[in-house]
Amino acid sequence: MMTEKEKMLAGELYHADSPELQADNAAACSWLKRYNAAIDVHPDERIWMLTEIFKHVGSGVNIRPPFYCDYGYNISVGNGVFINYNCIILDVVDVVIGDMTQIGPGVQMLAADHPRDSKQRSEGLEYGKPITIGRNVWIGGGALILPGVNIGDNALIGAGSVVTKDVPEGATVVGNPARQIVKK
């Protein structure tokens, strides 16, 4: 039988209030307090801090505090990734950010999801769908990336956009819900 954490990592329905997941979240919260207090610390020192909790951290990464996540251990960031202030990543499953991607302030990447069935929700069940962001992507401030979205290399996400569907390589999407715009 799978633990609640194993179910979570597999993208299956799970209970987030299991003791193991509560302990993992408490450890992440403790780490976040230290990280978010490191405002005057050089980005190279913050990279070292990120390696304490993230699945993968490339070279030259700069994630400006404050930053928030559920667990941290499902987040992978490539070389040269820049994430501006107030980013939120709900990483109940993998969230992968490719090399040289730039993310504006207040962006939310929400891999956590909830059942559409009200009975399952009332039982406290949830699940996750991985988010993958390609290389050299630019995500404007305040954008929301919803569960299960894949964003192709060199894409541009307009500020404030709500990305509900996959974004093709090189595409520009804007709005709520985000729609691809055609360049003239």
# chains A, B, ... in the order shown; residues from 1 in each chain; ligands from 1
call {"tool": "closest_atom_pairs", "arguments": {"of": "stretch 48-146 of chain A", "to": "stretch 4-27 of chain A", "cutoff": "10 Å", "atoms": "only C-alpha atoms", "output": "Markdown table"}}
result
| residue | atom | partner | partner_atom | distance |
| --- | --- | --- | --- | --- |
| A:Ile53 | CA | A:Ala27 | CA | 9.3 |
| A:Cys69 | CA | A:Asn25 | CA | 8.9 |
| A:Asp70 | CA | A:Asn25 | CA | 6.0 |
| A:Tyr71 | CA | A:Asn25 | CA | 5.5 |
| A:Gly72 | CA | A:Asn25 | CA | 8.9 |
| A:Tyr73 | CA | A:Asp24 | CA | 9.3 |
| A:Asn74 | CA | A:Leu9 | CA | 8.5 |
| A:Asp91 | CA | A:Leu9 | CA | 9.6 |
| A:Val92 | CA | A:Met8 | CA | 6.4 |
| A:Val93 | CA | A:Leu9 | CA | 5.3 |
| A:Asp94 | CA | A:Leu9 | CA | 8.0 |
| A:Ala111 | CA | A:Gly11 | CA | 9.8 |
| A:Ala112 | CA | A:Gly11 | CA | 9.3 |
| A:Asp113 | CA | A:Leu13 | CA | 9.6 |
| A:His114 | CA | A:Leu13 | CA | 8.6 |
| A:Pro115 | CA | A:Leu13 | CA | 8.2 |
| A:Gln120 | CA | A:Leu13 | CA | 9.0 |
| A:Glu123 | CA | A:His15 | CA | 8.4 |
| A:Gly124 | CA | A:His15 | CA | 6.0 |
| A:Leu125 | CA | A:His15 | CA | 5.1 |
| A:Glu126 | CA | A:Leu13 | CA | 5.3 |
| A:Tyr127 | CA | A:Leu13 | CA | 4.8 |
| A:Gly128 | CA | A:Gly11 | CA | 5.0 |
| A:Lys129 | CA | A:Gly11 | CA | 6.1 |
| A:Pro130 | CA | A:Gly11 | CA | 8.1 |
call {"tool": "write_last_selection", "arguments": {"atoms": "C-alpha atoms", "output": "mmCIF file, in the first residue's frame"}}
result
data_model
loop_
_atom_site.group_PDB
_atom_site.id
_atom_site.type_symbol
_atom_site.label_atom_id
_atom_site.label_comp_id
_atom_site.auth_asym_id
_atom_site.auth_seq_id
_atom_site.Cartn_x
_atom_site.Cartn_y
_atom_site.Cartn_z
ATOM 1 C CA ILE A 53 15.722 21.824 -0.538
ATOM 2 C CA CYS A 69 6.557 26.762 -1.952
ATOM 3 C CA ASP A 70 4.865 23.701 -0.459
ATOM 4 C CA TYR A 71 7.810 21.311 -0.178
ATOM 5 C CA GLY A 72 10.661 22.438 -2.423
ATOM 6 C CA TYR A 73 11.857 18.922 -3.182
ATOM 7 C CA ASN A 74 9.812 18.752 -6.400
ATOM 8 C CA ASP A 91 5.073 21.759 -5.829
ATOM 9 C CA VAL A 92 3.123 18.676 -4.805
ATOM 10 C CA VAL A 93 4.528 17.097 -7.993
ATOM 11 C CA ASP A 94 7.396 18.138 -10.271
ATOM 12 C CA ALA A 111 0.782 22.131 -9.621
ATOM 13 C CA ALA A 112 -1.653 21.313 -6.790
ATOM 14 C CA ASP A 113 -5.222 20.560 -7.832
ATOM 15 C CA HIS A 114 -8.463 19.415 -6.245
ATOM 16 C CA PRO A 115 -11.098 16.920 -7.352
ATOM 17 C CA GLN A 120 -13.895 13.847 -2.655
ATOM 18 C CA GLU A 123 -12.912 14.209 2.327
ATOM 19 C CA GLY A 124 -9.793 16.390 2.046
ATOM 20 C CA LEU A 125 -8.436 14.701 -1.061
ATOM 21 C CA GLU A 126 -6.225 16.497 -3.543
ATOM 22 C CA TYR A 127 -3.738 15.640 -6.302
ATOM 23 C CA GLY A 128 -1.184 17.281 -8.531
ATOM 24 C CA LYS A 129 -0.287 17.639 -12.187
ATOM 25 C CA PRO A 130 3.328 18.483 -13.152
#
call {"tool": "closest_atom_pairs", "arguments": {"of": "stretch 38-110 of chain A", "to": "stretch 131-150 of chain A", "cutoff": "8 Å", "atoms": "only C-alpha atoms", "output": "tab-separated table"}}
result
residue	atom	partner	partner_atom	distance
A:Asp94	CA	A:Ile131	CA	6.5
A:Val95	CA	A:Ile131	CA	4.8
A:Val96	CA	A:Thr132	CA	4.8
A:Ile97	CA	A:Ile133	CA	4.8
A:Gly98	CA	A:Arg135	CA	4.2
A:Asp99	CA	A:Arg135	CA	4.8
A:Met100	CA	A:Asn136	CA	4.7
A:Thr101	CA	A:Asn136	CA	4.4
A:Gln102	CA	A:Trp138	CA	4.9
A:Ile103	CA	A:Ile139	CA	4.8
A:Gly104	CA	A:Gly141	CA	4.1
A:Pro105	CA	A:Gly141	CA	4.7
A:Gly106	CA	A:Gly142	CA	4.6
A:Val107	CA	A:Gly142	CA	4.6
A:Gln108	CA	A:Leu144	CA	4.9
A:Met109	CA	A:Ile145	CA	4.7
A:Leu110	CA	A:Leu146	CA	5.2
call {"tool": "select_by_dssp", "arguments": {"residues": "chain A", "states": "alpha helix (DSSP H)", "output": "VMD selection string"}}
result
chain A and resid 4 to 9 19 to 36 43 to 51 118 to 122
call {"tool": "write_last_selection", "arguments": {"atoms": "N, CA and C atoms", "output": "mmCIF file, in the first residue's frame"}}
result
data_model
loop_
_atom_site.group_PDB
_atom_site.id
_atom_site.type_symbol
_atom_site.label_atom_id
_atom_site.label_comp_id
_atom_site.auth_asym_id
_atom_site.auth_seq_id
_atom_site.Cartn_x
_atom_site.Cartn_y
_atom_site.Cartn_z
ATOM 1 N N GLU A 4 0.710 8.334 1.753
ATOM 2 C CA GLU A 4 0.106 9.541 1.184
ATOM 3 C C GLU A 4 1.137 10.324 0.381
ATOM 4 N N LYS A 5 2.377 10.354 0.835
ATOM 5 C CA LYS A 5 3.433 11.045 0.093
ATOM 6 C C LYS A 5 3.681 10.351 -1.249
ATOM 7 N N GLU A 6 3.734 9.029 -1.245
ATOM 8 C CA GLU A 6 3.932 8.302 -2.500
ATOM 9 C C GLU A 6 2.783 8.560 -3.468
ATOM 10 N N LYS A 7 1.563 8.621 -2.950
ATOM 11 C CA LYS A 7 0.409 8.944 -3.795
ATOM 12 C C LYS A 7 0.555 10.351 -4.365
ATOM 13 N N MET A 8 0.936 11.306 -3.517
ATOM 14 C CA MET A 8 1.108 12.689 -3.959
ATOM 15 C C MET A 8 2.127 12.760 -5.092
ATOM 16 N N LEU A 9 3.290 12.150 -4.878
ATOM 17 C CA LEU A 9 4.356 12.210 -5.872
ATOM 18 C C LEU A 9 3.977 11.525 -7.180
ATOM 19 N N PRO A 19 0.829 12.740 8.563
ATOM 20 C CA PRO A 19 1.968 13.189 9.387
ATOM 21 C C PRO A 19 3.258 13.396 8.584
ATOM 22 N N GLU A 20 3.536 12.504 7.644
ATOM 23 C CA GLU A 20 4.759 12.633 6.849
ATOM 24 C C GLU A 20 4.747 13.914 6.018
ATOM 25 N N LEU A 21 3.628 14.208 5.364
ATOM 26 C CA LEU A 21 3.547 15.411 4.547
ATOM 27 C C LEU A 21 3.515 16.671 5.405
ATOM 28 N N GLN A 22 2.883 16.592 6.556
ATOM 29 C CA GLN A 22 2.889 17.740 7.467
ATOM 30 C C GLN A 22 4.313 18.038 7.938
ATOM 31 N N ALA A 23 5.082 16.993 8.215
ATOM 32 C CA ALA A 23 6.483 17.185 8.620
ATOM 33 C C ALA A 23 7.309 17.774 7.477
ATOM 34 N N ASP A 24 7.080 17.287 6.249
ATOM 35 C CA ASP A 24 7.792 17.830 5.087
ATOM 36 C C ASP A 24 7.456 19.306 4.890
ATOM 37 N N ASN A 25 6.179 19.657 5.030
ATOM 38 C CA ASN A 25 5.763 21.046 4.870
ATOM 39 C C ASN A 25 6.337 21.923 5.982
ATOM 40 N N ALA A 26 6.372 21.405 7.195
ATOM 41 C CA ALA A 26 6.953 22.168 8.310
ATOM 42 C C ALA A 26 8.437 22.431 8.066
ATOM 43 N N ALA A 27 9.142 21.428 7.535
ATOM 44 C CA ALA A 27 10.563 21.616 7.221
ATOM 45 C C ALA A 27 10.724 22.672 6.127
ATOM 46 N N ALA A 28 9.856 22.639 5.116
ATOM 47 C CA ALA A 28 9.918 23.645 4.055
ATOM 48 C C ALA A 28 9.624 25.033 4.615
ATOM 49 N N CYS A 29 8.657 25.143 5.514
ATOM 50 C CA CYS A 29 8.328 26.443 6.120
ATOM 51 C C CYS A 29 9.507 26.993 6.922
ATOM 52 N N SER A 30 10.206 26.117 7.631
ATOM 53 C CA SER A 30 11.384 26.536 8.384
ATOM 54 C C SER A 30 12.464 27.041 7.430
ATOM 55 N N TRP A 31 12.684 26.306 6.358
ATOM 56 C CA TRP A 31 13.660 26.716 5.349
ATOM 57 C C TRP A 31 13.247 28.051 4.725
ATOM 58 N N LEU A 32 11.957 28.212 4.393
ATOM 59 C CA LEU A 32 11.470 29.449 3.776
ATOM 60 C C LEU A 32 11.712 30.660 4.674
ATOM 61 N N LYS A 33 11.553 30.488 5.981
ATOM 62 C CA LYS A 33 11.828 31.601 6.905
ATOM 63 C C LYS A 33 13.277 32.048 6.784
ATOM 64 N N ARG A 34 14.200 31.076 6.732
ATOM 65 C CA ARG A 34 15.623 31.415 6.586
ATOM 66 C C ARG A 34 15.895 32.058 5.231
ATOM 67 N N TYR A 35 15.352 31.468 4.179
ATOM 68 C CA TYR A 35 15.593 31.965 2.824
ATOM 69 C C TYR A 35 15.033 33.374 2.656
ATOM 70 N N ASN A 36 13.817 33.582 3.116
ATOM 71 C CA ASN A 36 13.175 34.883 2.938
ATOM 72 C C ASN A 36 13.791 35.966 3.813
ATOM 73 N N PRO A 43 23.345 36.569 -4.301
ATOM 74 C CA PRO A 43 22.639 35.480 -4.987
ATOM 75 C C PRO A 43 23.386 34.145 -4.988
ATOM 76 N N ASP A 44 24.732 34.182 -5.026
ATOM 77 C CA ASP A 44 25.496 32.924 -4.993
ATOM 78 C C ASP A 44 25.274 32.174 -3.681
ATOM 79 N N GLU A 45 25.156 32.902 -2.577
ATOM 80 C CA GLU A 45 24.877 32.262 -1.289
ATOM 81 C C GLU A 45 23.455 31.707 -1.263
ATOM 82 N N ARG A 46 22.523 32.407 -1.924
ATOM 83 C CA ARG A 46 21.146 31.905 -1.975
ATOM 84 C C ARG A 46 21.072 30.633 -2.827
ATOM 85 N N ILE A 47 21.922 30.538 -3.865
ATOM 86 C CA ILE A 47 21.948 29.302 -4.660
ATOM 87 C C ILE A 47 22.271 28.120 -3.745
ATOM 88 N N TRP A 48 23.268 28.302 -2.894
ATOM 89 C CA TRP A 48 23.634 27.232 -1.960
ATOM 90 C C TRP A 48 22.437 26.867 -1.090
ATOM 91 N N MET A 49 21.694 27.875 -0.615
ATOM 92 C CA MET A 49 20.509 27.607 0.203
ATOM 93 C C MET A 49 19.465 26.825 -0.589
ATOM 94 N N LEU A 50 19.284 27.158 -1.865
ATOM 95 C CA LEU A 50 18.307 26.455 -2.702
ATOM 96 C C LEU A 50 18.657 24.977 -2.837
ATOM 97 N N THR A 51 19.954 24.669 -2.894
ATOM 98 C CA THR A 51 20.360 23.264 -3.042
ATOM 99 C C THR A 51 19.998 22.427 -1.811
ATOM 100 N N SER A 118 -17.423 17.037 -5.385
ATOM 101 C CA SER A 118 -17.508 17.696 -4.076
ATOM 102 C C SER A 118 -17.334 16.722 -2.914
ATOM 103 N N LYS A 119 -17.754 15.486 -3.091
ATOM 104 C CA LYS A 119 -17.592 14.496 -2.013
ATOM 105 C C LYS A 119 -16.109 14.233 -1.757
ATOM 106 N N GLN A 120 -15.332 14.062 -2.810
ATOM 107 C CA GLN A 120 -13.895 13.847 -2.655
ATOM 108 C C GLN A 120 -13.221 15.068 -2.025
ATOM 109 N N ARG A 121 -13.624 16.258 -2.449
ATOM 110 C CA ARG A 121 -13.052 17.471 -1.848
ATOM 111 C C ARG A 121 -13.373 17.548 -0.365
ATOM 112 N N SER A 122 -14.606 17.206 -0.004
ATOM 113 C CA SER A 122 -15.003 17.274 1.409
ATOM 114 C C SER A 122 -14.256 16.247 2.257
#
call {"tool": "residues_around", "arguments": {"residues": "stretch 57-62 of chain A", "least_positions_apart": "2", "cutoff": "6 Å", "atoms": "only C-alpha atoms", "output": "ChimeraX atom specification"}}
result
/A:43,77-82
call {"tool": "write_last_selection", "arguments": {"atoms": "N, CA and C atoms", "output": "tab-separated table (two decimals), in the first residue's frame"}}
result
chain	number	residue	atom	x	y	z
A	43	PRO	N	23.34	36.57	-4.30
A	43	PRO	CA	22.64	35.48	-4.99
A	43	PRO	C	23.39	34.14	-4.99
A	77	VAL	N	15.26	23.88	-11.20
A	77	VAL	CA	15.50	25.10	-11.97
A	77	VAL	C	16.83	24.97	-12.71
A	78	GLY	N	16.81	25.35	-13.97
A	78	GLY	CA	18.00	25.24	-14.80
A	78	GLY	C	18.95	26.41	-14.64
A	79	ASN	N	20.00	26.39	-15.43
A	79	ASN	CA	21.04	27.42	-15.40
A	79	ASN	C	20.46	28.79	-15.75
A	80	GLY	N	20.90	29.81	-15.01
A	80	GLY	CA	20.55	31.18	-15.35
A	80	GLY	C	19.10	31.57	-15.12
A	81	VAL	N	18.34	30.77	-14.39
A	81	VAL	CA	16.93	31.10	-14.12
A	81	VAL	C	16.87	32.29	-13.18
A	82	PHE	N	15.98	33.24	-13.51
A	82	PHE	CA	15.72	34.39	-12.65
A	82	PHE	C	14.25	34.39	-12.27
call {"tool": "closest_residue", "arguments": {"among": "A:Ile89, A:Ala155, A:Ala38, A:Val174", "to": "A:Arg64", "atoms": "only C-alpha atoms"}}
result
A:Ala38
call {"tool": "select_by_dssp", "arguments": {"residues": "stretch 16-140 of chain A", "states": "strand (DSSP E or B)", "output": "PyMOL selection string"}}
result
chain A and resi 56-57+62-63+67-69+75-77+82-83+87-90+95-97+102-103+108-110+112-113+125-128+131-133+138-139
call {"tool": "write_last_selection", "arguments": {"atoms": "N, CA and C atoms", "output": "short mmCIF file (atom, residue, chain, number, x, y, z; two decimals), in the first residue's frame"}}
result
data_model
loop_
_atom_site.label_atom_id
_atom_site.label_comp_id
_atom_site.auth_asym_id
_atom_site.auth_seq_id
_atom_site.Cartn_x
_atom_site.Cartn_y
_atom_site.Cartn_z
N HIS A 56 16.75 20.14 -8.06
CA HIS A 56 17.90 20.50 -8.89
C HIS A 56 18.00 22.02 -8.97
N VAL A 57 19.23 22.51 -8.89
CA VAL A 57 19.51 23.94 -9.02
C VAL A 57 20.69 24.10 -9.97
N ASN A 62 18.93 32.94 -9.71
CA ASN A 62 18.64 34.03 -8.79
C ASN A 62 17.13 34.02 -8.51
N ILE A 63 16.76 33.61 -7.31
CA ILE A 63 15.37 33.64 -6.87
C ILE A 63 15.30 34.66 -5.75
N PHE A 67 9.93 34.25 -1.38
CA PHE A 67 9.59 33.12 -2.24
C PHE A 67 8.81 32.13 -1.38
N TYR A 68 7.87 31.42 -2.00
CA TYR A 68 7.05 30.47 -1.25
C TYR A 68 6.85 29.19 -2.05
N CYS A 69 6.83 28.05 -1.33
CA CYS A 69 6.56 26.76 -1.95
C CYS A 69 5.95 25.83 -0.91
N ILE A 75 10.95 20.83 -7.03
CA ILE A 75 11.28 21.96 -7.90
C ILE A 75 12.66 21.78 -8.50
N SER A 76 12.74 21.93 -9.82
CA SER A 76 14.02 21.90 -10.55
C SER A 76 14.13 23.18 -11.36
N VAL A 77 15.26 23.88 -11.20
CA VAL A 77 15.50 25.10 -11.97
C VAL A 77 16.83 24.97 -12.71
N PHE A 82 15.98 33.24 -13.51
CA PHE A 82 15.72 34.39 -12.65
C PHE A 82 14.25 34.39 -12.27
N ILE A 83 13.98 34.44 -10.96
CA ILE A 83 12.60 34.51 -10.45
C ILE A 83 12.52 35.73 -9.54
N CYS A 87 7.20 35.01 -5.73
CA CYS A 87 6.79 33.86 -6.52
C CYS A 87 6.25 32.78 -5.59
N ILE A 88 5.21 32.10 -6.04
CA ILE A 88 4.63 30.97 -5.30
C ILE A 88 4.66 29.75 -6.20
N ILE A 89 5.23 28.65 -5.70
CA ILE A 89 5.22 27.39 -6.43
C ILE A 89 4.61 26.32 -5.51
N LEU A 90 3.43 25.83 -5.89
CA LEU A 90 2.82 24.73 -5.15
C LEU A 90 3.30 23.44 -5.81
N VAL A 95 7.79 20.47 -10.66
CA VAL A 95 7.74 21.75 -11.36
C VAL A 95 9.15 21.98 -11.88
N VAL A 96 9.28 21.99 -13.21
CA VAL A 96 10.59 22.10 -13.86
C VAL A 96 10.64 23.40 -14.64
N ILE A 97 11.70 24.18 -14.41
CA ILE A 97 11.89 25.47 -15.07
C ILE A 97 13.21 25.40 -15.82
N GLN A 102 13.04 33.59 -17.38
CA GLN A 102 12.86 34.75 -16.51
C GLN A 102 11.40 34.83 -16.09
N ILE A 103 11.19 34.99 -14.78
CA ILE A 103 9.84 34.97 -14.21
C ILE A 103 9.63 36.25 -13.43
N GLN A 108 2.56 32.79 -10.00
CA GLN A 108 2.18 31.60 -9.26
C GLN A 108 2.17 30.39 -10.20
N MET A 109 2.84 29.33 -9.78
CA MET A 109 2.84 28.06 -10.50
C MET A 109 2.17 27.04 -9.59
N LEU A 110 0.98 26.61 -9.98
CA LEU A 110 0.13 25.84 -9.08
C LEU A 110 -0.04 24.41 -9.59
N ALA A 112 -0.64 21.93 -7.65
CA ALA A 112 -1.65 21.31 -6.79
C ALA A 112 -3.03 21.52 -7.40
N ASP A 113 -3.86 20.48 -7.30
CA ASP A 113 -5.22 20.56 -7.83
C ASP A 113 -6.17 19.84 -6.87
N LEU A 125 -9.32 15.25 -0.04
CA LEU A 125 -8.44 14.70 -1.06
C LEU A 125 -7.98 15.79 -2.02
N GLU A 126 -6.76 15.64 -2.50
CA GLU A 126 -6.22 16.50 -3.54
C GLU A 126 -5.25 15.68 -4.38
N TYR A 127 -4.72 16.29 -5.44
CA TYR A 127 -3.74 15.64 -6.30
C TYR A 127 -2.95 16.71 -7.01
N GLY A 128 -1.98 16.31 -7.79
CA GLY A 128 -1.18 17.28 -8.53
C GLY A 128 -0.96 16.86 -9.96
N ILE A 131 4.10 20.65 -13.82
CA ILE A 131 4.26 21.84 -14.67
C ILE A 131 5.68 21.81 -15.23
N THR A 132 5.79 22.04 -16.53
CA THR A 132 7.09 22.10 -17.17
C THR A 132 7.19 23.40 -17.97
N ILE A 133 8.23 24.15 -17.70
CA ILE A 133 8.48 25.41 -18.40
C ILE A 133 9.81 25.24 -19.13
N TRP A 138 9.85 33.71 -20.96
CA TRP A 138 9.63 34.91 -20.18
C TRP A 138 8.19 34.89 -19.70
N ILE A 139 8.00 34.94 -18.38
CA ILE A 139 6.67 34.95 -17.79
C ILE A 139 6.48 36.30 -17.08
#
call {"tool": "residues_around", "arguments": {"residues": "A:Gln180", "least_positions_apart": "6", "cutoff": "8 Å", "atoms": "only C-alpha atoms", "output": "PyMOL selection string"}}
result
chain A and resi 167+171-174
call {"tool": "atom_distance", "arguments": {"atom1": "atom CA of A:Gly152", "atom2": "atom CA of A:Pro66"}}
result
26.7 Å
